[in-house]
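Q: Contents of final.txt (compact mmCIF, C-alpha atoms):
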# COMPACT_ATOMS: atom_id res chain seq x y z
CA MET P 1 -18.04 -42.80 -0.45
CA THR P 2 -20.43 -41.03 -2.80
CA PRO P 3 -21.76 -37.49 -2.16
CA ASP P 4 -25.30 -38.73 -1.46
CA ARG P 5 -24.01 -40.58 1.62
CA LEU P 6 -22.45 -37.46 3.15
CA ARG P 7 -24.01 -36.09 6.34
CA VAL P 8 -22.34 -32.75 7.04
CA ALA P 9 -22.69 -30.78 10.28
CA LEU P 10 -21.59 -27.20 9.54
CA PHE P 11 -20.78 -24.87 12.45
CA SER P 12 -20.80 -21.11 11.95
CA GLY P 13 -20.65 -18.14 14.29
CA ASN P 14 -22.78 -16.15 11.85
CA TYR P 15 -24.62 -18.09 9.17
CA ASN P 16 -27.17 -15.45 8.17
CA TYR P 17 -27.95 -12.88 10.86
CA VAL P 18 -25.42 -10.31 9.55
CA ARG P 19 -24.49 -10.45 5.87
CA ASP P 20 -20.82 -10.80 5.01
CA GLY P 21 -18.67 -12.50 2.42
CA ALA P 22 -17.92 -15.50 4.63
CA ASN P 23 -21.48 -16.49 5.38
CA GLN P 24 -22.61 -15.91 1.81
CA ALA P 25 -19.89 -18.35 0.71
CA LEU P 26 -21.06 -20.86 3.33
CA ASN P 27 -24.67 -20.59 2.14
CA ARG P 28 -23.58 -21.15 -1.45
CA LEU P 29 -21.57 -24.17 -0.35
CA VAL P 30 -24.57 -25.67 1.43
CA GLY P 31 -26.72 -25.11 -1.65
CA TYR P 32 -24.14 -26.89 -3.79
CA LEU P 33 -23.82 -29.83 -1.38
CA LEU P 34 -27.59 -30.27 -1.23
CA GLY P 35 -27.65 -30.22 -5.03
CA GLN P 36 -25.14 -33.09 -5.04
CA GLY P 37 -27.38 -35.21 -2.81
CA ALA P 38 -25.58 -34.61 0.50
CA THR P 39 -27.48 -34.03 3.75
CA VAL P 40 -26.43 -30.87 5.62
CA ARG P 41 -27.38 -29.44 9.01
CA VAL P 42 -26.12 -26.01 10.05
CA TYR P 43 -25.53 -24.98 13.68
CA SER P 44 -25.26 -21.24 14.32
CA PRO P 45 -26.57 -18.43 16.52
CA THR P 46 -29.66 -16.81 15.01
CA THR P 47 -31.75 -13.67 15.47
CA LYS P 48 -35.35 -12.72 14.86
CA THR P 49 -34.23 -10.34 12.10
CA PRO P 50 -31.75 -12.26 9.91
CA ALA P 51 -30.05 -10.46 7.05
CA PHE P 52 -31.22 -13.11 4.56
CA PRO P 53 -32.99 -16.50 4.57
CA PRO P 54 -30.68 -19.44 5.36
CA THR P 55 -29.87 -22.11 2.80
CA GLY P 56 -30.61 -25.54 4.23
CA ASP P 57 -31.57 -26.74 7.69
CA LEU P 58 -30.48 -24.23 10.36
CA VAL P 59 -30.41 -25.06 14.09
CA ASP P 60 -30.16 -22.17 16.55
CA VAL P 61 -27.31 -22.23 19.06
CA PRO P 62 -27.87 -20.02 22.14
CA ALA P 63 -25.57 -17.00 22.13
CA LEU P 64 -24.90 -13.60 23.67
CA GLY P 65 -24.23 -10.27 21.99
CA VAL P 66 -20.55 -9.37 21.59
CA PRO P 67 -19.64 -6.41 23.85
CA GLY P 68 -19.11 -3.31 21.77
CA ARG P 69 -20.25 -5.09 18.61
CA GLY P 70 -23.85 -5.92 19.45
CA GLU P 71 -24.70 -6.91 15.88
CA TYR P 72 -22.61 -10.05 16.37
CA ARG P 73 -23.44 -12.99 18.63
CA LEU P 74 -21.11 -15.39 20.41
CA ALA P 75 -22.12 -18.93 21.29
CA LEU P 76 -20.51 -19.92 24.59
CA GLY P 77 -20.32 -23.60 23.82
CA LEU P 78 -22.26 -26.65 22.72
CA PRO P 79 -25.24 -26.86 25.10
CA ALA P 80 -26.93 -30.16 25.91
CA LYS P 81 -29.92 -29.53 23.61
CA THR P 82 -27.66 -28.75 20.66
CA ARG P 83 -25.45 -31.74 21.44
CA ARG P 84 -28.48 -34.06 21.46
CA ASP P 85 -29.58 -32.68 18.10
CA LEU P 86 -26.08 -33.18 16.70
CA GLU P 87 -25.88 -36.75 17.96
CA SER P 88 -29.34 -37.51 16.56
CA PHE P 89 -28.27 -36.10 13.18
CA GLY P 90 -25.22 -38.38 13.17
CA PRO P 91 -22.82 -36.54 10.82
CA ASN P 92 -19.95 -38.31 9.10
CA MET P 93 -18.25 -34.95 8.43
CA VAL P 94 -17.96 -31.85 10.63
CA HIS P 95 -17.17 -28.53 8.93
CA LEU P 96 -15.95 -25.70 11.18
CA SER P 97 -15.92 -22.15 9.87
CA ALA P 98 -14.34 -20.30 12.80
CA PRO P 99 -12.00 -21.02 15.73
CA ASP P 100 -14.54 -19.56 18.17
CA ILE P 101 -15.87 -21.24 21.32
CA LEU P 102 -18.58 -23.07 19.39
CA GLY P 103 -16.00 -24.28 16.87
CA HIS P 104 -13.67 -25.53 19.61
CA ARG P 105 -16.47 -27.42 21.36
CA ALA P 106 -17.75 -28.92 18.11
CA LEU P 107 -14.21 -30.02 17.23
CA THR P 108 -13.83 -31.68 20.63
CA TRP P 109 -17.14 -33.50 20.03
CA ALA P 110 -15.92 -34.67 16.61
CA ARG P 111 -12.58 -35.87 17.98
CA SER P 112 -14.22 -37.77 20.83
CA GLY P 113 -16.42 -39.65 18.36
CA SER P 114 -13.78 -40.10 15.63
CA VAL P 115 -15.83 -38.00 13.21
CA PRO P 116 -13.68 -36.36 10.49
CA ALA P 117 -13.40 -32.57 10.82
CA VAL P 118 -12.45 -29.99 8.20
CA ALA P 119 -12.09 -26.27 8.93
CA SER P 120 -12.35 -23.39 6.48
CA VAL P 121 -10.42 -20.17 7.08
CA HIS P 122 -12.41 -17.00 6.38
CA THR P 123 -10.81 -14.24 8.44
CA ARG P 124 -7.40 -13.43 9.86
CA PHE P 125 -8.65 -12.99 13.42
CA ASP P 126 -5.10 -12.40 14.65
CA THR P 127 -4.98 -9.16 12.62
CA TYR P 128 -8.15 -7.76 14.23
CA VAL P 129 -6.59 -7.03 17.60
CA ALA P 130 -4.32 -4.30 16.20
CA TYR P 131 -7.33 -2.22 15.16
CA TYR P 132 -8.54 -2.08 18.76
CA GLY P 133 -5.22 -1.30 20.42
CA LEU P 134 -4.57 -4.90 21.48
CA GLY P 135 -1.74 -5.81 19.14
CA PHE P 136 0.16 -7.46 22.02
CA LEU P 137 -2.48 -10.23 21.93
CA ALA P 138 -1.64 -11.26 18.34
CA PRO P 139 0.83 -14.05 19.32
CA ALA P 140 -1.76 -15.54 21.68
CA ALA P 141 -4.39 -15.38 18.93
CA VAL P 142 -2.08 -17.23 16.54
CA ALA P 143 -1.37 -19.88 19.19
CA ILE P 144 -5.08 -20.45 19.83
CA GLN P 145 -5.73 -20.79 16.11
CA ARG P 146 -2.82 -23.21 15.71
CA ARG P 147 -4.18 -25.46 18.46
CA PHE P 148 -7.58 -25.43 16.78
CA TYR P 149 -6.48 -26.03 13.19
CA ARG P 150 -3.88 -28.67 14.06
CA ARG P 151 -6.65 -30.80 15.60
CA CYS P 152 -8.55 -30.83 12.28
CA ASP P 153 -8.03 -33.46 9.59
CA ALA P 154 -7.57 -30.71 7.01
CA ILE P 155 -8.12 -26.98 6.55
CA LEU P 156 -9.26 -24.99 3.56
CA ALA P 157 -7.71 -21.64 2.69
CA PRO P 158 -9.45 -19.22 0.31
CA ALA P 159 -6.31 -18.33 -1.65
CA PRO P 160 -2.77 -19.61 -2.23
CA SER P 161 -1.33 -16.56 -0.44
CA MET P 162 -3.32 -17.43 2.69
CA ALA P 163 -2.32 -21.09 2.41
CA GLU P 164 1.35 -20.04 2.42
CA ILE P 165 0.85 -18.12 5.67
CA LEU P 166 -0.99 -21.04 7.27
CA ARG P 167 1.85 -23.40 6.31
CA ALA P 168 4.48 -21.00 7.64
CA GLU P 169 2.56 -20.76 10.93
CA ARG P 170 2.32 -24.60 11.05
CA MET P 171 -1.46 -24.53 11.30
CA ASN P 172 -1.93 -27.92 9.58
CA PHE P 173 -0.14 -30.23 7.18
CA ASP P 174 -3.14 -30.74 4.88
CA ILE P 175 -4.16 -27.37 3.46
CA GLY P 176 -6.45 -27.24 0.45
CA ILE P 177 -7.85 -24.28 -1.47
CA TRP P 178 -11.50 -23.28 -1.27
CA SER P 179 -11.53 -20.10 -3.30
CA ARG P 180 -14.53 -17.82 -3.83
CA GLY P 181 -16.69 -17.35 -6.89
CA VAL P 182 -18.52 -14.44 -8.40
CA ASP P 183 -22.04 -14.30 -9.82
CA ARG P 184 -21.59 -12.95 -13.34
CA THR P 185 -25.34 -12.38 -13.68
CA ILE P 186 -24.94 -9.68 -11.02
CA PHE P 187 -21.38 -8.41 -11.44
CA SER P 188 -20.73 -7.31 -15.02
CA PRO P 189 -19.55 -4.13 -16.77
CA ALA P 190 -22.83 -4.22 -18.72
CA VAL P 191 -24.77 -2.99 -15.67
CA ARG P 192 -22.77 0.24 -15.29
CA SER P 193 -25.29 3.08 -15.04
CA LEU P 194 -24.53 6.76 -15.62
CA PRO P 195 -28.15 7.73 -14.81
CA TRP P 196 -27.80 6.03 -11.42
CA ARG P 197 -24.56 7.92 -10.78
CA ARG P 198 -26.30 11.16 -11.71
CA SER P 199 -29.03 10.39 -9.18
CA LEU P 200 -26.27 10.52 -6.53
CA GLY P 201 -25.00 13.86 -7.83
CA ILE P 202 -21.99 12.33 -9.62
CA GLY P 203 -21.13 13.70 -13.05
CA ASP P 204 -20.51 11.46 -16.04
CA GLN P 205 -16.85 12.48 -16.33
CA GLU P 206 -16.05 12.39 -12.62
CA VAL P 207 -13.70 9.62 -11.48
CA VAL P 208 -15.37 7.56 -8.75
CA ILE P 209 -13.17 5.89 -6.14
CA GLY P 210 -15.26 3.23 -4.47
CA PHE P 211 -15.21 1.51 -1.10
CA LEU P 212 -17.23 -1.70 -0.64
CA GLY P 213 -17.65 -3.54 2.65
CA ARG P 214 -18.87 -3.38 6.21
CA LEU P 215 -18.01 -0.07 7.83
CA VAL P 216 -15.79 -1.33 10.62
CA LEU P 217 -12.30 -0.15 11.51
CA GLU P 218 -10.65 -3.46 10.62
CA LYS P 219 -11.55 -2.88 6.95
CA GLY P 220 -8.86 -0.19 6.77
CA LEU P 221 -11.16 2.83 7.02
CA GLY P 222 -8.47 4.95 8.63
CA VAL P 223 -6.02 4.32 5.81
CA PHE P 224 -8.75 4.96 3.23
CA ALA P 225 -9.55 8.34 4.81
CA ASP P 226 -5.88 9.35 4.99
CA VAL P 227 -5.36 8.50 1.31
CA ILE P 228 -8.40 10.51 0.23
CA ALA P 229 -7.08 13.45 2.24
CA GLU P 230 -3.75 13.10 0.37
CA LEU P 231 -5.55 13.12 -3.00
CA GLU P 232 -7.36 16.28 -1.96
CA ARG P 233 -4.07 17.85 -0.91
CA ARG P 234 -2.71 17.04 -4.39
CA GLN P 235 -5.89 18.44 -5.95
CA VAL P 236 -6.55 15.21 -7.86
CA PRO P 237 -10.16 15.38 -9.16
CA HIS P 238 -12.28 12.49 -7.85
CA ARG P 239 -15.47 11.49 -6.04
CA VAL P 240 -15.78 8.88 -3.30
CA MET P 241 -18.61 6.36 -3.20
CA VAL P 242 -19.05 4.18 -0.10
CA ILE P 243 -21.18 1.04 -0.35
CA GLY P 244 -22.03 -0.63 2.94
CA GLU P 245 -23.18 -0.10 6.49
CA GLY P 246 -21.66 -0.68 9.89
CA PRO P 247 -20.97 0.77 13.32
CA ALA P 248 -18.14 3.00 12.08
CA ARG P 249 -20.27 4.83 9.51
CA ALA P 250 -20.53 8.10 11.46
CA TRP P 251 -16.79 8.07 12.16
CA PHE P 252 -16.00 7.39 8.50
CA ALA P 253 -18.41 10.07 7.24
CA GLU P 254 -16.69 12.60 9.46
CA ARG P 255 -13.28 11.61 8.11
CA VAL P 256 -14.41 11.63 4.45
CA PRO P 257 -17.12 14.34 4.44
CA SER P 258 -17.30 14.61 0.65
CA ALA P 259 -18.17 10.93 0.18
CA VAL P 260 -21.50 9.68 -1.16
CA PHE P 261 -22.87 6.90 1.07
CA THR P 262 -25.24 4.50 -0.68
CA GLY P 263 -25.96 2.37 2.39
CA PHE P 264 -26.24 -1.39 2.18
CA LEU P 265 -26.93 -2.74 -1.32
CA ALA P 266 -27.45 -6.31 -2.51
CA ASN P 267 -27.94 -8.35 -5.67
CA GLY P 268 -28.65 -6.27 -8.78
CA GLU P 269 -28.39 -2.95 -6.96
CA LEU P 270 -24.95 -3.92 -5.66
CA GLY P 271 -23.77 -5.05 -9.09
CA ARG P 272 -24.90 -1.78 -10.63
CA ALA P 273 -23.10 0.25 -7.95
CA VAL P 274 -19.82 -1.65 -8.28
CA ALA P 275 -19.88 -1.43 -12.09
CA SER P 276 -20.53 2.31 -11.77
CA MET P 277 -17.24 2.88 -9.93
CA ASP P 278 -14.09 3.81 -11.84
CA VAL P 279 -11.68 2.20 -9.37
CA LEU P 280 -12.10 0.15 -6.19
CA PHE P 281 -9.84 1.06 -3.28
CA ASN P 282 -9.51 -1.84 -0.82
CA PRO P 283 -6.90 -1.12 1.91
CA SER P 284 -8.05 -3.95 4.21
CA THR P 285 -5.45 -6.41 5.46
CA THR P 286 -7.84 -8.67 7.41
CA GLU P 287 -9.47 -10.59 4.54
CA THR P 288 -8.30 -14.07 3.62
CA PHE P 289 -9.68 -13.76 0.08
CA GLY P 290 -11.23 -10.42 -0.84
CA ASN P 291 -14.69 -11.03 -2.28
CA VAL P 292 -15.17 -7.34 -3.02
CA THR P 293 -11.97 -7.33 -5.05
CA LEU P 294 -13.20 -10.17 -7.25
CA GLU P 295 -16.61 -8.51 -7.66
CA ALA P 296 -14.97 -5.29 -8.86
CA MET P 297 -12.75 -7.21 -11.27
CA ALA P 298 -15.81 -8.96 -12.73
CA CYS P 299 -17.24 -5.50 -13.41
CA ALA P 300 -14.04 -4.47 -15.26
CA VAL P 301 -13.12 -2.06 -12.46
CA PRO P 302 -9.39 -1.82 -11.66
CA VAL P 303 -8.45 -2.39 -8.02
CA VAL P 304 -5.97 -0.59 -5.78
CA ALA P 305 -5.41 -2.80 -2.75
CA ALA P 306 -3.09 -3.59 0.12
CA ILE P 307 -0.46 -6.27 -0.35
CA ALA P 308 -2.29 -8.73 1.87
CA THR P 309 -3.54 -12.30 1.97
CA GLY P 310 -6.22 -13.05 -0.57
CA THR P 311 -6.02 -9.83 -2.53
CA SER P 312 -2.45 -10.48 -3.59
CA SER P 313 -3.65 -13.75 -5.16
CA LEU P 314 -6.31 -11.90 -7.15
CA VAL P 315 -4.77 -8.59 -8.23
CA GLU P 316 -1.86 -8.80 -10.65
CA ASP P 317 0.13 -5.65 -9.98
CA GLY P 318 0.34 -3.43 -13.03
CA VAL P 319 -2.04 -5.67 -14.99
CA THR P 320 -5.43 -5.79 -13.23
CA GLY P 321 -4.73 -3.13 -10.62
CA ARG P 322 -2.09 -2.02 -8.16
CA LEU P 323 -0.82 -3.62 -4.96
CA VAL P 324 0.59 -1.27 -2.33
CA ALA P 325 2.25 -1.79 1.05
CA PRO P 326 -0.51 -1.65 3.70
CA ASP P 327 0.42 1.67 5.35
CA ASP P 328 1.93 3.45 2.34
CA ILE P 329 -0.40 6.44 2.08
CA ALA P 330 1.62 8.11 -0.68
CA GLY P 331 1.83 4.82 -2.62
CA TYR P 332 -1.94 4.38 -2.56
CA ALA P 333 -2.41 7.99 -3.61
CA ASP P 334 0.04 7.56 -6.50
CA ALA P 335 -1.87 4.51 -7.78
CA LEU P 336 -5.28 6.18 -7.52
CA GLN P 337 -3.95 9.35 -9.10
CA ALA P 338 -2.62 7.41 -12.08
CA TYR P 339 -6.06 5.92 -12.75
CA ALA P 340 -7.81 9.25 -12.21
CA LEU P 341 -5.61 10.98 -14.77
CA ASP P 342 -5.28 8.16 -17.32
CA ARG P 343 -8.63 6.60 -18.22
CA ASP P 344 -7.07 4.38 -20.88
CA LEU P 345 -4.87 2.81 -18.20
CA ALA P 346 -7.90 2.25 -15.97
CA ASP P 347 -9.86 0.68 -18.83
CA ASP P 348 -6.98 -1.63 -19.78
CA HIS P 349 -6.52 -2.86 -16.22
CA GLY P 350 -10.26 -3.19 -15.74
CA MET P 351 -10.67 -5.37 -18.81
CA ALA P 352 -7.73 -7.55 -17.73
CA GLY P 353 -9.41 -7.99 -14.35
CA GLU P 354 -12.68 -9.03 -15.96
CA ALA P 355 -10.86 -11.66 -18.00
CA LYS P 356 -9.25 -13.09 -14.86
CA ALA P 357 -12.56 -13.10 -12.95
CA ALA P 358 -14.10 -15.34 -15.62
CA ALA P 359 -12.22 -18.32 -14.14
CA PHE P 360 -14.04 -18.15 -10.78
CA SER P 361 -17.05 -20.44 -11.20
CA TRP P 362 -18.94 -21.22 -7.96
CA ASP P 363 -19.67 -24.85 -8.85
CA ALA P 364 -16.05 -25.65 -9.65
CA ILE P 365 -14.91 -23.87 -6.48
CA ASN P 366 -17.40 -25.63 -4.20
CA LYS P 367 -16.55 -29.01 -5.74
CA ALA P 368 -13.11 -28.60 -4.18
CA VAL P 369 -14.72 -28.69 -0.73
CA LEU P 370 -16.76 -31.78 -1.56
CA ASP P 371 -13.63 -33.48 -2.89
CA LYS P 372 -11.74 -32.63 0.31
CA TYR P 373 -14.53 -34.11 2.45
CA LEU P 374 -14.40 -37.37 0.48
CA GLU P 375 -10.60 -37.44 0.54
CA VAL P 376 -10.48 -37.03 4.33
CA ILE P 377 -13.13 -39.69 4.91
CA ALA P 378 -11.34 -42.14 2.59
CA ARG P 379 -8.05 -41.49 4.39
CA ARG P 380 -9.61 -42.23 7.77
CA VAL P 381 -11.29 -45.40 6.53
CA GLY P 382 -8.07 -46.54 4.92
Could you show the structure in this file as structure tokens?
A:
Amino acid sequence: MTPDRLRVALFSGNYNYVRDGANQALNRLVGYLLGQGATVRVYSPTTKTPAFPPTGDLVDVPALGVPGRGEYRLALGLPAKTRRDLESFGPNMVHLSAPDILGHRALTWARSGSVPAVASVHTRFDTYVAYYGLGFLAPAAVAIQRRFYRRCDAILAPAPSMAEILRAERMNFDIGIWSRGVDRTIFSPAVRSLPWRRSLGIGDQEVVIGFLGRLVLEKGLGVFADVIAELERRQVPHRVMVIGEGPARAWFAERVPSAVFTGFLANGELGRAVASMDVLFNPSTTETFGNVTLEAMACAVPVVAAIATGTSSLVEDGVTGRLVAPDDIAGYADALQAYALDRDLADDHGMAGEAKAAAFSWDAINKAVLDKYLEVIARRVG
């Protein structure tokens, strides 16, 4: 089969109503597929105030707000109207981006009609429960995911480290890599701006430790705050810059009162802010890739991160940054202190990170998904 004969139905729990790394990757994928001549139809909950315009043809799926996280919406299934639209579209490939209720129902529809189905893994949902005091549910979450992914023809992991975990958990026997790319027209050391830092009250010689991401507990905000408190106890000179918004902002601001909060930034403003950091601190263990880590590396900013899926495939310890055990507060503080006190070390690791980021081209990365679609279809036909 050639790409122009592909008809892809993509299911997402959040295609564009709240901006995050996963849905931006999905929108880029759809743009690439359309550019290759494929036909794509996206099924996702929507809102009247989306975070950004969708790429491609988007069909609304009725959904309810998630209790306690009202910014997110949960589709409770595949209603008759949506099912009729799907059947009229007649896909020859179903792409599932989450093991949610909508994903399960769409997978059942695909299986009943012998339509090939590929799933991409964007988040370690089983790790979320620990942040809300429900760690005892983790085995059940893994079991639910295994049932979902084993029913797919293939799954796509964002990094080799995540693929290893999926194999160990017996999620599927066909696991490919769909990495993430970085836009070098936005993320570059050339856009670093001392005047912009000054506008935030940050001096030219001050060492800026940056956080980038949605302000939610599962991004490791508690660990970040504890590490900053340890640096202050050690009297290590630094400033904290927080880029992002989210429901935990007030809580985080109270825990790190000296931090400068930029709010949500995008495109050129985001690139300038990341390049204007001196080190990115990413203690999250829930990502499957770590888009923010790659964006910092492209800006020649060294990264201190948790030894976790995704990030451990990007950061080369002692070369492009430092990898630290997830709850090792002193270890994180040691790594950040080293960069704060040795700017030559920070510059060396930052430049090494920029060199590694150069290999992450979006077109080459998205071609891997297209190739997997065609491989799965050919296998079924054969």
Q: In Å to one decimal, how far is CA of Ala159 (chain P) from CA of Arg5 (chain P)?
A: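 Going from CA of Arg5 (chain P) over to CA of Ala159 (chain P) covers 28.6 Å.
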Q: What does the distance from CA of His104 (chain P) to CA of Phe148 (chain P) come to in Å, to one decimal?
A: 6.7 Å
Q: Quick one, how far is CA of Met171 (chain P) from CA of Ala119 (chain P)?
A: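 We find that CA of Met171 (chain P) and CA of Ala119 (chain P) lie 11.0 Å from each other.
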Q: What's the 8 Å shell around region 305-315 of chain P, counting all atoms listed in the file, without same-chain residues fewer than 3 positions away, as a ChimeraX atom specification?
A: /P:158-162,281-290,293-294,319-326,332,353
Q: Between region 206-280 of chain P and region 65-71 of chain P, at 12 Å or less, what are the per-residue closest atom pairs and their distances in Å? Count all atoms listed in the file, order by chain and rising residue number, and return it as JSON lines.
A:
{"residue": "P:Arg214", "atom": "CA", "partner": "P:Glu71", "partner_atom": "CA", "distance": 11.8}
{"residue": "P:Val216", "atom": "CA", "partner": "P:Arg69", "partner_atom": "CA", "distance": 9.9}
{"residue": "P:Leu217", "atom": "CA", "partner": "P:Arg69", "partner_atom": "CA", "distance": 11.7}
{"residue": "P:Glu245", "atom": "CA", "partner": "P:Glu71", "partner_atom": "CA", "distance": 11.7}
{"residue": "P:Gly246", "atom": "CA", "partner": "P:Glu71", "partner_atom": "CA", "distance": 9.2}
{"residue": "P:Pro247", "atom": "CA", "partner": "P:Arg69", "partner_atom": "CA", "distance": 7.9}
{"residue": "P:Ala248", "atom": "CA", "partner": "P:Arg69", "partner_atom": "CA", "distance": 10.6}
Q: Determine, for each residue of region 187-242 of chain P having at least one atom at most 12 Å from an atom of region 10-21 of chain P, the closest pair of atoms and their separation in Å to one decimal, counting all atoms listed in the file; order by chain and ascending number, as a tab-separated table.
A:
residue	atom	partner	partner_atom	distance
P:Leu212	CA	P:Asp20	CA	11.3
P:Gly213	CA	P:Asp20	CA	8.3
P:Arg214	CA	P:Asp20	CA	7.8
P:Leu215	CA	P:Asp20	CA	11.4
Q: Select, from P:Ala141, P:Leu78, P:Ala225, P:Ala25, the residue with the minimum atom-to-atom distance to Asp183 (chain P), counting all atoms listed in the file.
A: P:Ala25
Q: Determine, counting all atoms listed in the file, which protein, DNA and RNA residues have an atom within 9 Å of an atom of Tyr149 (chain P); residues of the same chain fewer than 5 positions away are not included. Present the result as a PyMOL selection string.
A: chain P and resi 99+118-119+144+154-155+171-172
Q: Some atoms are missing, so please complete region 283-306 of chain P with N, CA and C atoms and return it as an mmCIF file, in the frame of the given file.
A:
data_model
loop_
_atom_site.group_PDB
_atom_site.id
_atom_site.type_symbol
_atom_site.label_atom_id
_atom_site.label_comp_id
_atom_site.auth_asym_id
_atom_site.auth_seq_id
_atom_site.Cartn_x
_atom_site.Cartn_y
_atom_site.Cartn_z
ATOM 1 N N PRO P 283 -8.124 -1.113 1.089
ATOM 2 C CA PRO P 283 -6.900 -1.120 1.910
ATOM 3 C C PRO P 283 -6.916 -2.142 3.035
ATOM 4 N N SER P 284 -7.938 -2.996 3.107
ATOM 5 C CA SER P 284 -8.050 -3.950 4.210
ATOM 6 C C SER P 284 -6.939 -4.993 4.161
ATOM 7 N N THR P 285 -6.460 -5.351 5.354
ATOM 8 C CA THR P 285 -5.450 -6.410 5.460
ATOM 9 C C THR P 285 -5.985 -7.614 6.240
ATOM 10 N N THR P 286 -7.282 -7.616 6.562
ATOM 11 C CA THR P 286 -7.840 -8.670 7.410
ATOM 12 C C THR P 286 -8.522 -9.784 6.623
ATOM 13 N N GLU P 287 -8.811 -9.566 5.329
ATOM 14 C CA GLU P 287 -9.470 -10.590 4.540
ATOM 15 C C GLU P 287 -8.515 -11.747 4.224
ATOM 16 N N THR P 288 -9.094 -12.940 4.080
ATOM 17 C CA THR P 288 -8.300 -14.070 3.620
ATOM 18 C C THR P 288 -8.485 -14.301 2.125
ATOM 19 N N PHE P 289 -9.469 -13.630 1.531
ATOM 20 C CA PHE P 289 -9.680 -13.760 0.080
ATOM 21 C C PHE P 289 -9.890 -12.404 -0.582
ATOM 22 N N GLY P 290 -10.936 -11.717 -0.218
ATOM 23 C CA GLY P 290 -11.230 -10.420 -0.840
ATOM 24 C C GLY P 290 -12.354 -10.516 -1.853
ATOM 25 N N ASN P 291 -13.543 -10.904 -1.379
ATOM 26 C CA ASN P 291 -14.690 -11.030 -2.280
ATOM 27 C C ASN P 291 -14.954 -9.752 -3.057
ATOM 28 N N VAL P 292 -14.848 -8.608 -2.370
ATOM 29 C CA VAL P 292 -15.170 -7.340 -3.020
ATOM 30 C C VAL P 292 -14.196 -7.065 -4.156
ATOM 31 N N THR P 293 -12.959 -7.511 -3.997
ATOM 32 C CA THR P 293 -11.970 -7.330 -5.050
ATOM 33 C C THR P 293 -12.368 -8.106 -6.297
ATOM 34 N N LEU P 294 -12.777 -9.350 -6.119
ATOM 35 C CA LEU P 294 -13.200 -10.170 -7.250
ATOM 36 C C LEU P 294 -14.455 -9.597 -7.907
ATOM 37 N N GLU P 295 -15.380 -9.078 -7.116
ATOM 38 C CA GLU P 295 -16.610 -8.510 -7.660
ATOM 39 C C GLU P 295 -16.306 -7.283 -8.517
ATOM 40 N N ALA P 296 -15.366 -6.456 -8.059
ATOM 41 C CA ALA P 296 -14.970 -5.290 -8.860
ATOM 42 C C ALA P 296 -14.300 -5.731 -10.154
ATOM 43 N N MET P 297 -13.422 -6.723 -10.066
ATOM 44 C CA MET P 297 -12.750 -7.210 -11.270
ATOM 45 C C MET P 297 -13.761 -7.735 -12.286
ATOM 46 N N ALA P 298 -14.793 -8.444 -11.821
ATOM 47 C CA ALA P 298 -15.810 -8.960 -12.730
ATOM 48 C C ALA P 298 -16.570 -7.844 -13.428
ATOM 49 N N CYS P 299 -16.573 -6.663 -12.806
ATOM 50 C CA CYS P 299 -17.240 -5.500 -13.410
ATOM 51 C C CYS P 299 -16.280 -4.664 -14.245
ATOM 52 N N ALA P 300 -15.065 -5.180 -14.486
ATOM 53 C CA ALA P 300 -14.040 -4.470 -15.260
ATOM 54 C C ALA P 300 -13.613 -3.178 -14.584
ATOM 55 N N VAL P 301 -13.572 -3.205 -13.259
ATOM 56 C CA VAL P 301 -13.120 -2.060 -12.460
ATOM 57 C C VAL P 301 -11.727 -2.373 -11.925
ATOM 58 N N PRO P 302 -10.718 -1.559 -12.211
ATOM 59 C CA PRO P 302 -9.390 -1.820 -11.660
ATOM 60 C C PRO P 302 -9.394 -1.673 -10.149
ATOM 61 N N VAL P 303 -8.474 -2.359 -9.487
ATOM 62 C CA VAL P 303 -8.450 -2.390 -8.020
ATOM 63 C C VAL P 303 -7.098 -1.904 -7.506
ATOM 64 N N VAL P 304 -7.162 -0.984 -6.544
ATOM 65 C CA VAL P 304 -5.970 -0.590 -5.780
ATOM 66 C C VAL P 304 -6.154 -1.194 -4.400
ATOM 67 N N ALA P 305 -5.222 -2.055 -3.991
ATOM 68 C CA ALA P 305 -5.410 -2.800 -2.750
ATOM 69 C C ALA P 305 -4.101 -2.954 -2.000
ATOM 70 N N ALA P 306 -4.251 -3.317 -0.716
ATOM 71 C CA ALA P 306 -3.090 -3.590 0.120
ATOM 72 C C ALA P 306 -2.457 -4.918 -0.305
#
